[in-house]
Structure formats: structure tokens, C-alpha cells
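**Student:** Contents are mmCIF, C-alpha atoms; file name protein_2.cif:
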data_run
loop_
_atom_site.label_atom_id
_atom_site.label_comp_id
_atom_site.auth_asym_id
_atom_site.auth_seq_id
_atom_site.Cartn_x
_atom_site.Cartn_y
_atom_site.Cartn_z
CA MET A 1 100.46 112.79 85.38
CA ALA A 2 99.95 110.44 88.27
CA ASP A 3 99.08 106.83 87.48
CA GLY A 4 95.58 105.42 87.41
CA VAL A 5 93.75 108.73 87.63
CA LYS A 6 90.27 108.47 86.21
CA PRO A 7 87.37 110.84 86.81
CA ARG A 8 83.86 109.46 87.10
CA VAL A 9 80.54 111.27 87.28
CA LYS A 10 77.01 110.08 87.81
CA ALA A 11 74.39 112.58 86.70
CA PRO A 12 70.82 112.21 85.41
CA LYS A 13 70.42 112.41 81.63
CA LYS A 14 67.30 114.52 81.90
CA ALA A 15 65.42 116.59 84.42
CA ALA A 16 62.42 118.91 84.57
CA ALA A 17 63.27 122.61 84.39
CA GLY A 18 63.92 123.91 87.90
CA ASP A 19 64.52 120.42 89.26
CA VAL A 20 67.13 119.79 91.91
CA VAL A 21 69.35 116.93 90.81
CA THR A 22 71.95 114.94 92.74
CA LEU A 23 75.41 114.73 91.24
CA LYS A 24 77.96 112.17 92.34
CA THR A 25 81.61 112.44 91.41
CA LEU A 26 84.66 110.39 92.18
CA ILE A 27 88.20 110.58 90.93
CA SER A 28 90.55 107.69 91.49
CA HIS A 29 93.69 109.29 92.84
CA LYS A 30 96.14 108.17 95.50
CA MET A 31 96.11 111.58 97.29
CA GLU A 32 99.66 111.25 98.63
CA SER A 33 99.70 113.57 101.65
CA GLY A 34 103.41 114.48 101.68
CA GLN A 35 103.62 113.35 105.31
CA ARG A 36 104.52 109.71 104.70
CA LYS A 37 107.97 108.22 104.39
CA GLY A 38 108.90 105.63 101.79
CA SER A 39 110.88 102.45 102.40
CA ASP A 40 114.08 104.47 101.87
CA GLY A 41 113.18 106.74 104.78
CA ASN A 42 112.64 109.84 102.65
CA LEU A 43 109.42 111.80 102.49
CA ILE A 44 107.17 110.86 99.60
CA PRO A 45 106.39 114.17 97.87
CA ARG A 46 102.86 115.49 98.14
CA SER A 47 100.64 114.70 95.18
CA ILE A 48 96.97 115.46 95.62
CA ILE A 49 94.01 116.88 93.79
CA ASN A 50 93.97 120.43 95.18
CA ARG A 51 90.85 121.86 93.57
CA PHE A 52 87.57 120.55 92.24
CA THR A 53 84.98 122.62 90.41
CA CYS A 54 81.63 122.08 88.77
CA GLU A 55 80.06 124.50 86.31
CA PHE A 56 76.69 124.49 84.62
CA ASN A 57 76.71 126.29 81.27
CA GLY A 58 79.72 128.29 82.47
CA LYS A 59 78.13 129.22 85.80
CA SER A 60 79.84 127.99 88.95
CA VAL A 61 77.96 125.36 90.92
CA ILE A 62 80.67 124.37 93.37
CA ASP A 63 84.33 125.21 93.82
CA VAL A 64 86.24 123.17 96.38
CA THR A 65 89.76 123.48 97.77
CA LEU A 66 91.11 120.10 98.82
CA GLU A 67 93.77 119.69 101.46
CA ALA A 68 96.32 116.98 102.17
CA ALA A 69 94.23 115.19 104.80
CA ILE A 70 91.61 114.09 102.28
CA SER A 71 91.69 110.37 101.64
CA THR A 72 92.40 108.47 98.50
CA ASN A 73 89.78 108.54 95.69
CA PRO A 74 88.00 111.78 96.71
CA TYR A 75 84.23 111.54 96.36
CA PHE A 76 81.82 114.47 96.18
CA GLU A 77 78.07 114.31 96.19
CA PHE A 78 76.07 117.51 95.88
CA GLU A 79 72.85 118.92 94.48
CA ALA A 80 72.26 121.49 91.79
CA THR A 81 69.21 123.18 90.28
CA VAL A 82 68.80 122.67 86.55
CA PRO A 83 67.08 125.77 85.10
CA GLU A 84 67.57 124.81 81.45
CA ALA A 85 69.12 122.18 79.23
CA GLY A 86 72.90 122.29 79.24
CA ASP A 87 76.19 120.80 80.28
CA PHE A 88 77.69 120.15 83.65
CA LYS A 89 81.44 120.49 83.45
CA PHE A 90 83.49 118.90 86.21
CA THR A 91 87.17 119.75 86.59
CA TRP A 92 89.84 118.35 88.89
CA TYR A 93 93.22 120.09 89.32
CA ASP A 94 96.23 117.95 90.23
CA ASP A 95 99.30 119.17 92.14
CA ASP A 96 101.46 118.14 89.19
CA GLY A 97 99.62 120.57 86.93
CA SER A 98 97.39 117.99 85.25
CA VAL A 99 93.77 118.93 84.77
CA TYR A 100 91.12 116.25 84.39
CA ASP A 101 87.65 117.05 83.20
CA GLU A 102 84.37 115.40 82.44
CA THR A 103 81.19 116.77 80.91
CA LYS A 104 77.64 115.53 81.36
CA SER A 105 74.71 116.88 79.38
CA VAL A 106 71.30 117.22 80.93
CA ALA A 107 68.21 117.49 78.74
CA ILE A 108 64.93 119.02 79.82
CA GLY A 109 61.95 116.73 79.67
CA MET B 110 71.47 124.91 126.76
CA ASN B 111 72.38 123.86 130.26
CA PHE B 112 74.52 120.93 131.17
CA LYS B 113 71.60 118.73 132.17
CA THR B 114 69.82 118.94 128.81
CA MET B 115 73.08 118.44 127.05
CA SER B 116 73.88 115.26 128.88
CA LEU B 117 70.31 114.05 128.41
CA ILE B 118 70.55 114.58 124.67
CA SER B 119 73.91 112.89 124.45
CA ALA B 120 72.63 110.03 126.55
CA VAL B 121 69.73 109.52 124.12
CA ALA B 122 72.03 109.94 121.15
CA LEU B 123 74.38 107.36 122.57
CA ALA B 124 71.71 104.91 123.57
CA LEU B 125 69.61 104.88 120.41
CA PRO B 126 72.06 103.63 117.82
CA THR B 127 73.45 100.92 120.06
CA LEU B 128 70.13 99.39 121.07
CA GLY B 129 69.78 96.21 119.10
CA MET B 130 72.19 97.59 116.54
CA ALA B 131 74.04 94.34 116.19
CA ASP B 132 70.99 92.35 115.19
CA ALA B 133 70.33 91.54 111.58
CA ASP B 134 67.76 93.86 110.02
CA ASP B 135 65.01 93.21 107.51
CA ASP B 136 66.18 95.53 104.74
CA THR B 137 66.17 94.43 101.12
CA LEU B 138 69.27 94.62 98.98
CA VAL B 139 68.72 95.77 95.42
CA ILE B 140 71.83 96.86 93.54
CA ASN B 141 71.57 99.72 91.01
CA GLU B 142 67.77 99.46 91.43
CA GLU B 143 68.12 96.44 89.18
CA ILE B 144 69.74 93.33 90.65
CA GLU B 145 67.62 91.83 93.40
CA MET B 146 69.75 89.95 95.87
CA THR B 147 68.83 87.02 98.06
CA THR B 148 70.38 87.98 101.36
CA LYS B 149 68.36 85.57 103.47
CA ALA B 150 67.92 82.01 102.35
CA ALA B 151 66.77 78.70 103.75
CA ALA B 152 69.66 77.10 105.61
CA PRO B 153 71.34 74.29 103.65
CA ALA B 154 70.44 70.82 104.92
CA HIS B 155 74.01 69.94 105.91
CA LEU B 156 73.94 72.67 108.57
CA ASP B 157 71.36 70.66 110.45
CA GLY B 158 69.86 73.72 112.10
CA ALA B 159 73.19 75.09 113.35
CA LEU B 160 72.21 78.59 112.16
CA GLY B 161 68.50 78.20 112.73
CA ASP B 162 66.24 77.97 109.70
CA LYS B 163 67.92 80.63 107.60
CA VAL B 164 71.31 81.89 106.59
CA MET B 165 71.96 85.62 106.27
CA SER B 166 74.42 87.69 104.33
CA GLY B 167 76.75 89.88 106.39
CA TRP B 168 75.07 92.84 104.67
CA HIS B 169 72.20 92.63 107.18
CA PHE B 170 74.54 93.20 110.10
CA ARG B 171 75.92 96.50 108.81
CA SER B 172 74.65 100.02 109.46
CA ASP B 173 72.25 101.65 106.99
CA GLU B 174 75.02 103.91 105.70
CA THR B 175 77.35 101.01 104.94
CA GLN B 176 74.48 99.07 103.41
CA ALA B 177 73.67 101.98 101.13
CA MET B 178 77.20 102.04 99.73
CA GLU B 179 76.64 98.60 98.28
CA MET B 180 73.30 99.47 96.70
CA ASP B 181 74.79 101.64 93.99
CA ASP B 182 77.88 100.66 92.03
CA PHE B 183 78.96 104.29 91.90
CA ASP B 184 79.10 104.43 95.69
CA ASN B 185 80.77 101.03 96.05
CA PRO B 186 84.55 101.51 96.18
CA GLY B 187 84.94 97.80 95.46
CA MET B 188 83.84 98.58 91.91
CA LEU B 189 87.14 100.43 91.42
CA GLY B 190 88.74 97.01 91.88
CA VAL B 191 86.31 95.57 89.34
CA GLU B 192 87.45 98.20 86.83
CA ASP B 193 91.06 97.23 87.49
CA GLY B 194 90.04 93.61 86.97
CA GLU B 195 88.45 94.45 83.62
CA VAL B 196 91.72 96.02 82.46
CA ILE B 197 93.64 92.89 83.52
CA TRP B 198 91.03 90.70 81.80
CA ASN B 199 91.81 92.37 78.48
CA THR B 200 95.58 92.72 78.92
CA VAL B 201 97.82 90.36 76.96
CA GLU B 202 100.45 88.86 79.26
CA GLY B 203 102.98 86.04 79.14
CA SER B 204 104.78 84.07 76.46
CA GLU B 205 101.66 82.90 74.60
CA GLY B 206 100.47 86.40 73.71
CA LYS B 207 97.05 85.84 75.24
CA SER B 208 94.77 87.67 77.63
CA CYS B 209 91.89 86.18 79.61
CA ALA B 210 89.59 87.59 76.94
CA SER B 211 91.42 85.73 74.13
CA CYS B 212 89.85 82.46 75.26
CA HIS B 213 86.91 83.48 77.42
CA GLY B 214 85.55 86.47 75.50
CA GLU B 215 83.79 89.22 77.41
CA SER B 216 84.04 89.06 81.18
CA SER B 217 80.24 89.06 81.32
CA GLU B 218 80.26 85.62 79.69
CA MET B 219 81.74 84.29 82.93
CA ALA B 220 78.45 84.94 84.74
CA GLY B 221 77.71 82.07 87.08
CA VAL B 222 81.30 80.84 87.42
CA LYS B 223 81.97 82.44 90.81
CA ALA B 224 78.84 80.84 92.25
CA THR B 225 80.27 77.31 91.89
CA TYR B 226 83.75 77.87 93.31
CA PRO B 227 85.61 76.35 95.19
CA LYS B 228 85.15 73.37 92.93
CA TRP B 229 86.67 69.94 92.32
CA ASN B 230 89.06 69.85 89.37
CA ASP B 231 89.24 66.41 87.75
CA GLY B 232 92.58 66.84 86.01
CA ALA B 233 94.41 68.15 89.05
CA GLU B 234 92.44 65.95 91.47
CA GLU B 235 92.04 68.75 93.96
CA VAL B 236 89.52 71.31 95.08
CA ARG B 237 90.36 74.64 93.50
CA THR B 238 89.36 78.12 94.45
CA LEU B 239 88.70 80.67 91.72
CA GLN B 240 92.10 82.24 92.32
CA MET B 241 93.83 78.86 91.88
CA GLN B 242 91.96 78.36 88.61
CA VAL B 243 92.97 81.84 87.43
CA ASN B 244 96.60 81.05 88.22
CA ASP B 245 96.35 77.73 86.38
CA CYS B 246 95.16 79.65 83.31
CA ARG B 247 97.91 82.22 83.69
CA VAL B 248 100.70 79.66 83.98
CA ASN B 249 99.53 76.94 81.59
CA GLN B 250 97.51 78.87 79.01
CA MET B 251 99.10 82.31 78.96
CA GLY B 252 102.67 81.52 80.01
CA ALA B 253 102.43 84.31 82.55
CA GLU B 254 103.44 84.41 86.19
CA ALA B 255 101.02 83.21 88.83
CA TYR B 256 99.67 85.80 91.24
CA GLY B 257 100.43 85.46 94.94
CA TYR B 258 97.31 84.46 96.86
CA ASP B 259 95.08 87.51 97.51
CA LYS B 260 97.84 89.62 95.97
CA GLY B 261 98.48 91.65 92.82
CA GLY B 262 95.80 91.20 90.19
CA ALA B 263 94.20 88.23 91.93
CA LEU B 264 91.63 90.17 93.94
CA PRO B 265 90.63 92.63 91.17
CA LEU B 266 90.10 89.65 88.85
CA GLU B 267 88.12 87.77 91.47
CA ALA B 268 86.06 90.91 92.09
CA LEU B 269 85.38 91.20 88.35
CA LEU B 270 84.29 87.57 88.08
CA SER B 271 82.18 87.96 91.18
CA SER B 272 80.52 91.15 89.96
CA VAL B 273 79.25 89.49 86.77
CA SER B 274 77.66 86.73 88.85
CA ARG B 275 75.88 89.02 91.30
CA GLY B 276 72.38 87.94 92.13
CA MET B 277 73.01 84.30 91.25
CA PRO B 278 72.72 81.81 94.10
CA VAL B 279 75.89 80.38 95.59
CA ASN B 280 75.88 76.68 94.83
CA VAL B 281 79.06 74.78 95.61
CA ALA B 282 79.15 71.01 95.40
CA ILE B 283 80.08 69.30 98.66
CA ASP B 284 79.53 65.70 97.66
CA GLY B 285 81.42 63.40 95.34
CA PRO B 286 85.18 63.91 95.12
CA ALA B 287 84.99 67.25 96.98
CA GLN B 288 83.55 65.62 100.09
CA SER B 289 86.80 64.82 101.90
CA THR B 290 88.04 68.39 101.44
CA TRP B 291 84.68 69.65 102.67
CA GLU B 292 84.94 67.42 105.78
CA GLN B 293 88.42 68.80 106.42
CA GLY B 294 87.04 72.34 106.17
CA LYS B 295 84.26 71.47 108.57
CA ASP B 296 86.82 70.10 111.05
CA ILE B 297 88.76 73.34 110.88
CA TYR B 298 85.55 75.36 111.35
CA TYR B 299 84.79 73.59 114.60
CA THR B 300 88.38 73.39 115.88
CA ARG B 301 89.34 75.81 118.64
CA PHE B 302 92.50 77.75 117.84
CA GLY B 303 94.86 79.99 119.72
CA GLN B 304 95.34 81.23 123.26
CA LEU B 305 91.75 82.45 123.26
CA ASN B 306 90.64 78.95 122.36
CA LEU B 307 88.01 79.98 119.83
CA SER B 308 86.64 78.17 116.83
CA CYS B 309 84.89 79.88 113.92
CA ALA B 310 81.62 78.52 115.32
CA ASN B 311 82.06 80.12 118.76
CA CYS B 312 81.60 83.55 117.22
CA HIS B 313 79.81 83.10 113.92
CA GLU B 314 77.41 80.34 114.92
CA ASP B 315 76.84 80.80 118.65
CA ASN B 316 77.04 84.58 118.78
CA TYR B 317 76.07 86.13 115.48
CA GLY B 318 73.99 89.24 116.09
CA ASN B 319 75.98 90.06 119.25
CA MET B 320 78.72 92.60 119.54
CA ILE B 321 82.39 91.65 119.50
CA ARG B 322 83.96 94.72 121.12
CA ALA B 323 82.78 97.57 118.86
CA ASP B 324 81.85 95.41 115.89
CA HIS B 325 78.91 93.25 114.95
CA LEU B 326 79.27 89.52 114.58
CA SER B 327 77.78 88.22 111.36
CA GLN B 328 77.26 84.62 110.41
CA GLY B 329 80.64 84.74 108.71
CA GLN B 330 79.22 84.11 105.25
CA VAL B 331 81.65 84.56 102.37
CA ASN B 332 79.14 85.20 99.56
CA GLY B 333 80.20 88.87 99.55
CA PHE B 334 83.91 88.29 98.95
CA PRO B 335 86.07 89.90 97.75
CA THR B 336 84.96 92.53 100.21
CA TYR B 337 85.80 96.21 100.29
CA ARG B 338 86.44 96.98 103.94
CA LEU B 339 86.12 100.52 105.20
CA LYS B 340 88.78 99.84 107.84
CA ASN B 341 91.56 99.21 105.33
CA THR B 342 90.04 100.82 102.21
CA LYS B 343 90.83 97.96 99.88
CA LEU B 344 89.50 94.69 98.56
CA ASN B 345 89.98 91.81 100.97
CA GLY B 346 90.06 88.15 100.03
CA SER B 347 88.31 85.48 102.07
CA HIS B 348 91.59 83.75 102.92
CA SER B 349 93.08 86.98 104.23
CA ARG B 350 89.94 87.38 106.33
CA PHE B 351 90.26 83.83 107.68
CA LYS B 352 93.85 84.64 108.55
CA GLY B 353 92.77 87.81 110.37
CA CYS B 354 90.18 85.88 112.38
CA ILE B 355 92.57 83.11 113.39
CA ARG B 356 95.25 85.67 114.24
CA ASP B 357 92.74 87.38 116.53
CA THR B 358 92.39 84.15 118.49
CA ARG B 359 96.13 84.55 119.13
CA ALA B 360 97.02 81.51 117.10
CA ALA B 361 99.70 80.89 114.51
CA THR B 362 97.59 81.02 111.35
CA PHE B 363 97.52 79.17 108.09
CA ASN B 364 98.54 81.14 105.02
CA PRO B 365 96.26 82.41 102.25
CA GLY B 366 96.19 79.74 99.55
CA SER B 367 97.15 76.92 101.95
CA PRO B 368 95.26 73.59 101.62
CA GLU B 369 93.66 74.26 105.03
CA PHE B 370 92.16 77.56 103.89
CA VAL B 371 91.04 76.09 100.56
CA ALA B 372 89.14 73.44 102.53
CA LEU B 373 87.78 76.07 104.91
CA GLU B 374 86.67 78.27 102.00
CA LEU B 375 84.78 75.34 100.48
CA TYR B 376 83.09 74.57 103.78
CA VAL B 377 82.23 78.19 104.68
CA THR B 378 80.98 78.86 101.13
CA SER B 379 78.72 75.81 101.38
CA ARG B 380 77.19 77.26 104.56
CA GLY B 381 75.90 80.07 102.34
CA ASN B 382 74.53 77.92 99.52
CA GLY B 383 71.39 79.73 98.36
CA LEU B 384 72.55 83.27 99.15
CA SER B 385 73.30 85.54 96.20
CA VAL B 386 76.84 86.09 95.03
CA GLU B 387 77.38 89.61 96.36
CA GLY B 388 81.02 90.52 95.76
CA PRO B 389 82.43 93.03 95.76
CA SER B 390 80.49 93.85 98.91
CA VAL B 391 81.08 96.71 101.35
CA ARG B 392 81.69 95.93 105.00
CA ASN B 393 83.18 97.65 108.05
#
Can you dump the structure from the file as C-alpha cells?
**Tutor:**
Amino acid sequence: MADGVKPRVKAPKKAAAGDVVTLKTLISHKMESGQRKGSDGNLIPRSIINRFTCEFNGKSVIDVTLEAAISTNPYFEFEATVPEAGDFKFTWYDDDGSVYDETKSVAIG
Amino acid sequence: MNFKTMSLISAVALALPTLGMADADDDTLVINEEIEMTTKAAAPAHLDGALGDKVMSGWHFRSDETQAMEMDDFDNPGMLGVEDGEVIWNTVEGSEGKSCASCHGESSEMAGVKATYPKWNDGAEEVRTLQMQVNDCRVNQMGAEAYGYDKGGALPLEALLSSVSRGMPVNVAIDGPAQSTWEQGKDIYYTRFGQLNLSCANCHEDNYGNMIRADHLSQGQVNGFPTYRLKNTKLNGSHSRFKGCIRDTRAATFNPGSPEFVALELYVTSRGNGLSVEGPSVRN
């Protein structure tokens, strides 16, 4: 697991049924592109988050493939409709096989 | 779409954002819909009208998009540095087995500290910046190694201490024992440096609100430091910024942490007395 990786999510705690809510996510990650050379002249191996998904009660909201040109600390902001109370599950997939996730519950009211 | 309409549209698109873009705007800065910031304040008396009747935070000179990043901690990448600072605050280091928190408690108890630095230290008989005070603690209280100036944990810690003081007015003392250092800083501020023969005042006093190549000139206030800059995607210390400015005049610069920059930091900070502590701010 790469150092200093920490997922963060900002989501409302409650919403009216059918409301469109804004979700903000950020994962601190160095997103090493695999193109750079270290001080020893050798390529630094690629190490990036390659996939990010968000599900609401098991239903896909967004599924993103990330490529090597994306900068450090990838940030996603998107909107989703909340039809009922439930959980948003956010998942980040690292090149090294690590999976980071975060869950946020939204209540109706 | 024919070529004529296309060029007309691009001409409008090009013209609109540049018209008056460099001028300070009248937006209001509220962070997290909670902390109301004073970003325009009555100019301190010692300025004697050099900046007109009010001083303005550099926030006013940025585009709406950059301004918005600072209005929500989640969008402010400088807050990642604050998180790092919080970890350092609670980490035991050095021979005495202490962390910052061992003596000072929660970082939030340090609210108000950043607003008064740089500050005269009686024991050491010198003006100290916050980073110098942190290093004094590390060496003498914790038995740990001092940080290099604007290096290592110094900026995350400064960002942490700044973040807990946000919204409080900058209020550094310029009289009493600090006065000679302040005078030295003022001298440096008005001294022309480098092959381009520019002083701080030539840009930040005479030309704030104008463009400098593709960028906007602010009043050069330091209430927002440490600053997350979009151009280098990291926290920047005020001394490193001073160095960058003097380098751009094609001069040999002073180093971060040098007595000259300590004096300059005191003087420049005093020019913003009354503005809110804003760090970590977001700038271009």
C-alpha cells in the first residue's frame, strides 16, 4: 500500500426523496505516472489509482477509469439522485492491488 | 458556423474575462459557510496612505474559481497540509519523549497565536517568526531536530496553527523592542533589488490591481500564508515567496529564515494588520 493514502468524502447527511445531491470526493495519492525518472536515472514505476466507483444501495452511480496523466490527489465532484434512504459506497482501486473504500449514509427527511 | 462568427465569438470570449480582471473585486469570503473573514480592512496608520484607505487580501485579486476553492475546506488542497500538520502535532519526537500536544494540548487551543507572529522574544532578544518558535520548541523542549526553513514539517505545522486562527485579525506589534527589526524590514521593502531594479513597493504598492505579464498584482499581503499555490501544487511559505519575488528582479536573494526575511516578514505582516488570518489560502 502506498504511503499517505486517505480517502475523503463530503456528502449531505440527509436529503428529500428524489433530491439531487452533490458529492465531493478526494483521495490523497501521489499518482506516480511511470514516466518520471528518479535521482538514480531509473524510471519510477507507475503507481496510480486506476478506477473509482460510487454505488448507491448497490446500484452504480459512477464508474471511472483513471489514466496516468491525472494529477496527484484526484478529486471528483458529481451529482446523484437520492430516491430513498441508503448508503453511498465509494471505492478506489490502486495499481498495487489495494482497495480503499468509504461509506456515507443519507437519511430521508 | 462560418469563420466570421467564430472569430467574433472568440474575440468576445477573449475580451470579456480580461477586462478589468486584475482589479480587486467586492466578493465576500466566508469559509465553510461559517467563518466570516475580513478581507478588506482600514489601512494601518503606519502606512500613511501608501495603499490608500484600505488594505486588501490577495483573495480579492483571484478569479472566482480560485476564490471558491478557499471557501470550502474540502475544496482547499492546503487543508491536506493542515491534516499532515495535525499528525505532526500529535507525534512524539526527540529525546524528551514529547509531542507538541504534550505541552500545548489540542491544536485548537493555539487559536490566536498565528495572528501575533512575527513577535519579539524577550529571552532570545530577537524577533521570531512562528517557524523559529516551533524550532525552538523542537530543539529545547522536545530534543528533536529543527526543521529547515519552509521545509519538512515546518509548513504543515504553520498551516495547522494558521488554520485554527482563521478569522482572527492579524495584529503584530511593531513598537517597543521589535521596532528596529520592523524599520529594517521597511528599508528592505523600499529598496530596489536586482538588474530590474525593483522594490517590493514598485509592484505591490504602485501597481496592485494591474497585470504583471499573465498574473494579477495583489497588495502582497501575507495574511494568507502558508499558501497553496496552483502553479506548484503545494504549500508555500512567505519567505519562499519573498525569495521568488526577489529572484524575479534578477537579484541574488536572501535565504528563507535569514534575518533580512524575518524583518521583511514582520514589516509585510504589519501592513496587513486588521485583515483576517487566512492561511492556508489558495492562490494562483
**Student:** Would you compute an axis-aligned box for stretch 102-107 of chain A, covering every atom listed for it in the file with 8 Å of margin on each side, and report centre and edge lengths in Å to one decimal as JSON?
**Tutor:**
{"center_x": 76.3, "center_y": 116.4, "center_z": 80.6, "size_x": 32.2, "size_y": 18.1, "size_z": 19.7}
**Student:** Could you jot down the atom CA of B:Gly257 to atom CA of B:Gly366 separation for me, Å, one decimal place?
**Tutor:**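 A separation of 8.5 Å between them.
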**Student:** Between A:Met31, A:Ala16, A:Val9, A:Leu23, which has the minimum distance to A:Val61 (counting all atoms listed in the file)?
**Tutor:**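 Comparing A:Met31, A:Ala16, A:Val9, A:Leu23 against A:Val61, the winner is A:Leu23.
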**Student:** Since I can't run it myself right now, could you work out what the PyMOL selection byres ((chain B) within 9 of (chain A)) selects here and report it as a ChimeraX atom specification?
**Tutor:** /B:183-184,186,189,342
**Student:** Stretch 157-162 of chain B: which residues within 10 Å, counting all atoms listed in the file, same-chain residues fewer than 4 positions away excluded, as an MDAnalysis selection string?
**Tutor:** chainID B and resid 150:153 310 313:315 317 328 380
**Student:** How would the residues just chosen look if you wrote them out with C-alpha atoms as a PDB file, keeping the file's coordinate frame?
**Tutor:**
ATOM      1  CA  ALA B 150      67.920  82.010 102.350  1.00  0.00           C
ATOM      2  CA  ALA B 151      66.770  78.700 103.750  1.00  0.00           C
ATOM      3  CA  ALA B 152      69.660  77.100 105.610  1.00  0.00           C
ATOM      4  CA  PRO B 153      71.340  74.290 103.650  1.00  0.00           C
ATOM      5  CA  ALA B 310      81.620  78.520 115.320  1.00  0.00           C
ATOM      6  CA  HIS B 313      79.810  83.100 113.920  1.00  0.00           C
ATOM      7  CA  GLU B 314      77.410  80.340 114.920  1.00  0.00           C
ATOM      8  CA  ASP B 315      76.840  80.800 118.650  1.00  0.00           C
ATOM      9  CA  TYR B 317      76.070  86.130 115.480  1.00  0.00           C
ATOM     10  CA  GLN B 328      77.260  84.620 110.410  1.00  0.00           C
ATOM     11  CA  ARG B 380      77.190  77.260 104.560  1.00  0.00           C
TER      12      ARG B 380
END
**Student:** Just so the selection is clear, what residues does the PyMOL selection byres ((chain B and resi 246) around 12) cover here, as number ranges by chain?
**Tutor:** B: 198, 202-203, 205, 207-213, 239-245, 247-256
**Student:** Report the residues retrieved by the PyMOL selection byres ((chain B and resi 379) around 10) from the displayed file, expressed as a PyMOL selection string.
**Tutor:** chain B and resi 153+155-156+225-227+279-283+291+330-332+373-378+380-384
